Amino acid sequence: PSAHANLKDKSDRATNEQVLDPRTRLILFKMIGRGLLDEVNGCVSTGKEANVYHALTPTKDHLALKIYKTSILVFKDRSKYVTGEYRFRRGYSRNPRKMVRLWAEKEMRNLRRLRAAGIDAPEPLEVRENVLVMSFVGNEGWASPRLKDTELTPEQLTPLYLQLVLTVRKIFHVCKLVHADLSEYNILYHNGALWIIDVSQSVEHDHPAAFDFLRTDLQNVEEFFGRGGVSTLGLRRTFEFVTRENLCGEGESEETVLERWIEEREAAGDEKEETGEGVDVVAKDRVKGDEAHEDSIFMKSFIPRNLNEVYDPERDVEKVTRGEGKNLIYADTIGVVAPEDDGPKPKPKPAKKEGKGV
Ligand code: ADP
Ligand code: MG
């Protein structure tokens, strides 16, 4: 009985800070009644699409509640993530409560996939309509900072950068997802490691726009760590590192390959620097400028997700086989390898009639 007397207070506290609609309050009320939650505390974050609250279980374990807003306006511009999504093929509902429920459920499933792959991410516990209950990433009720809010030295950032690139590769190949909103805002720095959050918009890796999302994700990573003084791999090479099927030679780990690629990039930069006339700094800037220019072309270029989207697959495969495919941005991605490489033989697949994700 006293629990129920308290209940109104407890849900009121959350309500006062940010308006919760009656239905959401009822969901929280029931969670408290069932003993999943004991109290809902203050807001950890107020966002455009969701608010995150701190909560406690009856045994005083810390939880995070992500409560999605149910206003239709908020979710209108999310359709780009859903178009072409197999799981949303029955149509994207116009009913905002229903849409929001889909997003919350999607975040729960995506978090599960990350956890199943051993990636540091909140453990999802339960979803009820627009309320997602997950483990709290923090210590003693204090949320761990976003990567954006940390002040880390290049020495501290470097191992985190390597780990993050390996994680993005794992998300792609093991979870078969692309985060699609990855940046220093959606990564928490928790107990010395990077934790991935905010995966409601993540897409299947065969989503028609998966590569565009991935490219933007990697650009954010590249820019953040570059600004932080880390020797990064460069956008195009990172994209290749993440997407390529066969990466490792005999007895090589992915981490070794990544470190080797970064060293190679630095060495290439130094070489250009030495052969360049004029002052070193100018030469170095020119190398950087060239690369930035190439990266900006890469950002704008179309990367087909599969052979269906390749303009003329037979011509392209032939080109690569003749060793002229160096400029083919998607050569690695579609598994076509030039003959001098040791990789698999080119095997053009017949164009499928219907792509699964389309
Ligand atoms: P939004 O859609 O508003 O960006 P996020 O999932 O990114 O939602 O969460 C917003 C903020 O809430 C995060 O930046 C983080 O500070 C906090 N947060 C989210 N999930 C958790 C969690 N499980 N534990 C602790 N803090 C969290
Ligand atoms: Mg976020």
# chains A, B, ... in the order shown; residues from 1 in each chain; ligands from 1

call {"tool": "select_by_dssp", "arguments": {"residues": "range 50-278 of chain A", "states": "strand (DSSP E or B)", "output": "JSON, numbers by chain"}}
result
{"A": [50, 51, 52, 53, 54, 55, 56, 62, 63, 64, 65, 66, 67, 68, 124, 125, 126, 127, 128, 131, 132, 133, 134, 135, 138, 139, 142, 143, 146, 177, 178, 187, 188, 189, 190, 193, 194, 195, 196, 203, 204]}

call {"tool": "residues_near_ligand", "arguments": {"ligand": "ligand 2", "cutoff": "7 Å", "atoms": "only C-alpha atoms and all ligand atoms", "output": "list in words"}}
result
Tyr185, Asn186 and Asp198 of chain A

call {"tool": "write_last_selection", "arguments": {"atoms": "N, CA and C atoms", "output": "short mmCIF file (atom, residue, chain, number, x, y, z; two decimals), in the first residue's frame"}}
result
data_model
loop_
_atom_site.label_atom_id
_atom_site.label_comp_id
_atom_site.auth_asym_id
_atom_site.auth_seq_id
_atom_site.Cartn_x
_atom_site.Cartn_y
_atom_site.Cartn_z
N TYR A 185 29.17 11.78 -29.71
CA TYR A 185 27.96 12.03 -28.92
C TYR A 185 27.29 10.73 -28.50
N ASN A 186 27.50 9.68 -29.26
CA ASN A 186 26.81 8.42 -28.98
C ASN A 186 27.78 7.32 -28.54
N ASP A 198 22.73 4.36 -28.30
CA ASP A 198 21.85 5.02 -29.26
C ASP A 198 21.80 4.31 -30.62
#

call {"tool": "residues_around", "arguments": {"residues": "Thr57 in chain A", "least_positions_apart": "6", "cutoff": "8 Å", "atoms": "only C-alpha atoms", "output": "PyMOL selection string"}}
result
chain A and resi 35-39+63

call {"tool": "write_last_selection", "arguments": {"atoms": "C-alpha atoms", "output": "JSON list (two decimals), in the first residue's frame"}}
result
[["chain", "number", "residue", "atom", "x", "y", "z"],
["A", 35, "GLY", "CA", 8.80, -4.53, -8.90],
["A", 36, "LEU", "CA", 10.99, -3.98, -11.95],
["A", 37, "LEU", "CA", 11.60, -0.41, -10.84],
["A", 38, "ASP", "CA", 11.52, 1.10, -7.41],
["A", 39, "GLU", "CA", 11.97, 4.74, -8.25],
["A", 63, "LEU", "CA", 18.96, 1.47, -14.56]]

call {"tool": "closest_atom_pairs", "arguments": {"of": "chain A", "to": "ligand 1", "cutoff": "8 Å", "atoms": "only C-alpha atoms and all ligand atoms", "output": "JSON lines"}}
result
{"residue": "A:Val44", "atom": "CA", "partner": "ligand 1", "partner_atom_place_in_ligand_line": "12 (O)", "distance": 5.7}
{"residue": "A:Ser45", "atom": "CA", "partner": "ligand 1", "partner_atom_place_in_ligand_line": "12 (O)", "distance": 4.7}
{"residue": "A:Thr46", "atom": "CA", "partner": "ligand 1", "partner_atom_place_in_ligand_line": "3 (O)", "distance": 6.2}
{"residue": "A:Gly47", "atom": "CA", "partner": "ligand 1", "partner_atom_place_in_ligand_line": "3 (O)", "distance": 3.9}
{"residue": "A:Lys48", "atom": "CA", "partner": "ligand 1", "partner_atom_place_in_ligand_line": "3 (O)", "distance": 6.0}
{"residue": "A:Glu49", "atom": "CA", "partner": "ligand 1", "partner_atom_place_in_ligand_line": "2 (O)", "distance": 5.4}
{"residue": "A:Ala50", "atom": "CA", "partner": "ligand 1", "partner_atom_place_in_ligand_line": "3 (O)", "distance": 4.8}
{"residue": "A:Asn51", "atom": "CA", "partner": "ligand 1", "partner_atom_place_in_ligand_line": "3 (O)", "distance": 5.9}
{"residue": "A:Val52", "atom": "CA", "partner": "ligand 1", "partner_atom_place_in_ligand_line": "12 (O)", "distance": 5.1}
{"residue": "A:Tyr53", "atom": "CA", "partner": "ligand 1", "partner_atom_place_in_ligand_line": "12 (O)", "distance": 7.8}
{"residue": "A:His54", "atom": "CA", "partner": "ligand 1", "partner_atom_place_in_ligand_line": "25 (C)", "distance": 7.6}
{"residue": "A:Leu63", "atom": "CA", "partner": "ligand 1", "partner_atom_place_in_ligand_line": "23 (N)", "distance": 7.1}
{"residue": "A:Ala64", "atom": "CA", "partner": "ligand 1", "partner_atom_place_in_ligand_line": "23 (N)", "distance": 5.0}
{"residue": "A:Leu65", "atom": "CA", "partner": "ligand 1", "partner_atom_place_in_ligand_line": "23 (N)", "distance": 7.6}
{"residue": "A:Lys66", "atom": "CA", "partner": "ligand 1", "partner_atom_place_in_ligand_line": "20 (N)", "distance": 6.8}
{"residue": "A:Ala121", "atom": "CA", "partner": "ligand 1", "partner_atom_place_in_ligand_line": "23 (N)", "distance": 7.7}
{"residue": "A:Pro122", "atom": "CA", "partner": "ligand 1", "partner_atom_place_in_ligand_line": "23 (N)", "distance": 4.9}
{"residue": "A:Glu123", "atom": "CA", "partner": "ligand 1", "partner_atom_place_in_ligand_line": "23 (N)", "distance": 7.6}
{"residue": "A:Met134", "atom": "CA", "partner": "ligand 1", "partner_atom_place_in_ligand_line": "23 (N)", "distance": 5.7}
{"residue": "A:Ser135", "atom": "CA", "partner": "ligand 1", "partner_atom_place_in_ligand_line": "23 (N)", "distance": 5.3}
{"residue": "A:Phe136", "atom": "CA", "partner": "ligand 1", "partner_atom_place_in_ligand_line": "24 (N)", "distance": 3.7}
{"residue": "A:Val137", "atom": "CA", "partner": "ligand 1", "partner_atom_place_in_ligand_line": "24 (N)", "distance": 3.7}
{"residue": "A:Gly138", "atom": "CA", "partner": "ligand 1", "partner_atom_place_in_ligand_line": "25 (C)", "distance": 5.8}
{"residue": "A:Trp142", "atom": "CA", "partner": "ligand 1", "partner_atom_place_in_ligand_line": "25 (C)", "distance": 7.9}
{"residue": "A:Ala143", "atom": "CA", "partner": "ligand 1", "partner_atom_place_in_ligand_line": "25 (C)", "distance": 4.7}
{"residue": "A:Ser144", "atom": "CA", "partner": "ligand 1", "partner_atom_place_in_ligand_line": "25 (C)", "distance": 6.4}
{"residue": "A:Pro145", "atom": "CA", "partner": "ligand 1", "partner_atom_place_in_ligand_line": "16 (O)", "distance": 6.4}
{"residue": "A:Arg146", "atom": "CA", "partner": "ligand 1", "partner_atom_place_in_ligand_line": "14 (O)", "distance": 5.9}
{"residue": "A:Tyr185", "atom": "CA", "partner": "ligand 1", "partner_atom_place_in_ligand_line": "14 (O)", "distance": 6.0}
{"residue": "A:Asn186", "atom": "CA", "partner": "ligand 1", "partner_atom_place_in_ligand_line": "7 (O)", "distance": 5.1}
{"residue": "A:Ile187", "atom": "CA", "partner": "ligand 1", "partner_atom_place_in_ligand_line": "14 (O)", "distance": 7.5}
{"residue": "A:Leu188", "atom": "CA", "partner": "ligand 1", "partner_atom_place_in_ligand_line": "15 (C)", "distance": 7.0}
{"residue": "A:Ile197", "atom": "CA", "partner": "ligand 1", "partner_atom_place_in_ligand_line": "6 (O)", "distance": 5.5}
{"residue": "A:Asp198", "atom": "CA", "partner": "ligand 1", "partner_atom_place_in_ligand_line": "6 (O)", "distance": 3.7}
{"residue": "A:Val199", "atom": "CA", "partner": "ligand 1", "partner_atom_place_in_ligand_line": "6 (O)", "distance": 7.2}

call {"tool": "atom_distance", "arguments": {"atom1": "CA of Val221 in chain A", "atom2": "CA of Leu182 in chain A"}}
result
7.7 Å

call {"tool": "residues_around", "arguments": {"residues": "Leu258 in chain A", "least_positions_apart": "2", "cutoff": "9 Å", "atoms": "only C-alpha atoms", "output": "PDB file with N, CA and C atoms, in the first residue's frame"}}
result
ATOM      1  N   LEU A 162      41.848   2.622 -31.935  1.00  0.00           N
ATOM      2  CA  LEU A 162      42.035   1.287 -32.529  1.00  0.00           C
ATOM      3  C   LEU A 162      40.866   0.388 -32.150  1.00  0.00           C
ATOM      4  N   VAL A 165      37.653   1.301 -34.118  1.00  0.00           N
ATOM      5  CA  VAL A 165      37.627   0.860 -35.519  1.00  0.00           C
ATOM      6  C   VAL A 165      37.365  -0.653 -35.575  1.00  0.00           C
ATOM      7  N   LEU A 166      38.001  -1.403 -34.676  1.00  0.00           N
ATOM      8  CA  LEU A 166      37.757  -2.849 -34.624  1.00  0.00           C
ATOM      9  C   LEU A 166      36.301  -3.137 -34.253  1.00  0.00           C
ATOM     10  N   LEU A 233      43.707   6.382 -39.711  1.00  0.00           N
ATOM     11  CA  LEU A 233      43.951   5.608 -40.925  1.00  0.00           C
ATOM     12  C   LEU A 233      43.496   6.340 -42.184  1.00  0.00           C
ATOM     13  N   THR A 238      39.946   3.353 -43.804  1.00  0.00           N
ATOM     14  CA  THR A 238      39.146   2.851 -42.694  1.00  0.00           C
ATOM     15  C   THR A 238      37.900   2.150 -43.234  1.00  0.00           C
ATOM     16  N   PHE A 241      38.977  -1.097 -44.386  1.00  0.00           N
ATOM     17  CA  PHE A 241      39.285  -1.976 -43.248  1.00  0.00           C
ATOM     18  C   PHE A 241      38.004  -2.545 -42.647  1.00  0.00           C
ATOM     19  N   SER A 253      46.290 -10.879 -36.563  1.00  0.00           N
ATOM     20  CA  SER A 253      45.016 -10.504 -35.962  1.00  0.00           C
ATOM     21  C   SER A 253      44.540  -9.224 -36.636  1.00  0.00           C
ATOM     22  N   GLU A 254      43.261  -8.941 -36.475  1.00  0.00           N
ATOM     23  CA  GLU A 254      42.720  -7.715 -37.079  1.00  0.00           C
ATOM     24  C   GLU A 254      43.440  -6.495 -36.527  1.00  0.00           C
ATOM     25  N   GLU A 255      43.763  -6.558 -35.260  1.00  0.00           N
ATOM     26  CA  GLU A 255      44.442  -5.431 -34.628  1.00  0.00           C
ATOM     27  C   GLU A 255      45.823  -5.199 -35.259  1.00  0.00           C
ATOM     28  N   THR A 256      46.541  -6.299 -35.509  1.00  0.00           N
ATOM     29  CA  THR A 256      47.867  -6.156 -36.135  1.00  0.00           C
ATOM     30  C   THR A 256      47.733  -5.533 -37.513  1.00  0.00           C
ATOM     31  N   ARG A 260      49.341  -2.085 -38.735  1.00  0.00           N
ATOM     32  CA  ARG A 260      50.235  -2.084 -39.904  1.00  0.00           C
ATOM     33  C   ARG A 260      49.750  -1.068 -40.941  1.00  0.00           C
ATOM     34  N   TRP A 261      48.453  -1.058 -41.197  1.00  0.00           N
ATOM     35  CA  TRP A 261      47.904  -0.119 -42.187  1.00  0.00           C
ATOM     36  C   TRP A 261      48.170   1.329 -41.774  1.00  0.00           C
ATOM     37  N   ILE A 262      48.029   1.592 -40.473  1.00  0.00           N
ATOM     38  CA  ILE A 262      48.268   2.967 -40.002  1.00  0.00           C
ATOM     39  C   ILE A 262      49.739   3.335 -40.185  1.00  0.00           C
ATOM     40  N   GLU A 263      50.623   2.395 -39.861  1.00  0.00           N
ATOM     41  CA  GLU A 263      52.057   2.653 -40.051  1.00  0.00           C
ATOM     42  C   GLU A 263      52.357   2.898 -41.528  1.00  0.00           C
TER      43      GLU A 263
END

call {"tool": "closest_residue", "arguments": {"among": "A:Thr150, A:Glu222, A:Phe29, A:Phe302", "to": "Ala210 in chain A", "atoms": "only C-alpha atoms"}}
result
A:Phe302

call {"tool": "closest_residue", "arguments": {"among": "A:Glu129, A:Glu140, A:Glu271, A:Asp120", "to": "Tyr68 in chain A", "atoms": "only C-alpha atoms"}}
result
A:Glu129

call {"tool": "closest_residue", "arguments": {"among": "A:Ile67, A:His293, A:Asn130, A:Leu28", "to": "Met99 in chain A", "atoms": "only C-alpha atoms"}}
result
A:Asn130

call {"tool": "closest_residue", "arguments": {"among": "A:Leu157, A:Leu164, A:Ala180, A:Asp61", "to": "Phe213 in chain A", "atoms": "only C-alpha atoms"}}
result
A:Ala180

call {"tool": "closest_atom_pairs", "arguments": {"of": "range 88-193 of chain A", "to": "range 201-205 of chain A", "cutoff": "12 Å", "atoms": "only C-alpha atoms", "output": "Markdown table"}}
result
| residue | atom | partner | partner_atom | distance |
| --- | --- | --- | --- | --- |
| A:Phe88 | CA | A:Val203 | CA | 11.1 |
| A:Val100 | CA | A:Gln201 | CA | 11.5 |
| A:Leu102 | CA | A:Gln201 | CA | 10.5 |
| A:Trp103 | CA | A:Gln201 | CA | 7.4 |
| A:Ala104 | CA | A:Gln201 | CA | 9.7 |
| A:Glu105 | CA | A:Gln201 | CA | 10.9 |
| A:Lys106 | CA | A:Gln201 | CA | 7.8 |
| A:Glu107 | CA | A:Gln201 | CA | 7.4 |
| A:Met108 | CA | A:Gln201 | CA | 11.1 |
| A:Arg109 | CA | A:Ser202 | CA | 10.3 |
| A:Asn110 | CA | A:Ser202 | CA | 7.4 |
| A:Leu111 | CA | A:Ser202 | CA | 9.9 |
| A:Arg113 | CA | A:Ser202 | CA | 11.2 |
| A:Leu114 | CA | A:Ser202 | CA | 11.1 |
| A:Val168 | CA | A:His205 | CA | 11.6 |
| A:Arg169 | CA | A:His205 | CA | 11.1 |
| A:Lys170 | CA | A:His205 | CA | 11.5 |
| A:Ile171 | CA | A:His205 | CA | 9.0 |
| A:Phe172 | CA | A:His205 | CA | 6.3 |
| A:His173 | CA | A:His205 | CA | 8.2 |
| A:Val174 | CA | A:His205 | CA | 10.1 |
| A:Cys175 | CA | A:Glu204 | CA | 8.6 |
| A:Lys176 | CA | A:His205 | CA | 5.1 |
| A:Leu177 | CA | A:Glu204 | CA | 4.5 |
| A:Val178 | CA | A:Val203 | CA | 5.4 |
| A:His179 | CA | A:Ser202 | CA | 4.4 |
| A:Ala180 | CA | A:Ser202 | CA | 5.2 |
| A:Asp181 | CA | A:Gln201 | CA | 7.3 |
| A:Leu182 | CA | A:Ser202 | CA | 9.2 |
| A:Asn186 | CA | A:Gln201 | CA | 11.9 |

call {"tool": "atom_distance", "arguments": {"atom1": "CA of Glu184 in chain A", "atom2": "CA of Val131 in chain A"}}
result
24.2 Å

call {"tool": "atom_distance", "arguments": {"atom1": "CA of Leu160 in chain A", "atom2": "CA of Val230 in chain A"}}
result
9.9 Å

call {"tool": "closest_residue", "arguments": {"among": "A:Phe225, A:Cys43, A:Gly192, A:Ile27", "to": "Val127 in chain A", "atoms": "only C-alpha atoms"}}
result
A:Ile27

call {"tool": "residues_around", "arguments": {"residues": "Arg237 in chain A", "least_positions_apart": "3", "cutoff": "12 Å", "atoms": "only C-alpha atoms", "output": "PyMOL selection string"}}
result
chain A and resi 165+215+218-219+222+232-234+240-244+257-258+260-262+264-265+291+294-295+298+329+332-333

call {"tool": "closest_residue", "arguments": {"among": "A:Leu132, A:Leu194, A:Ala116, A:Leu125", "to": "Gln156 in chain A", "atoms": "only C-alpha atoms"}}
result
A:Leu194
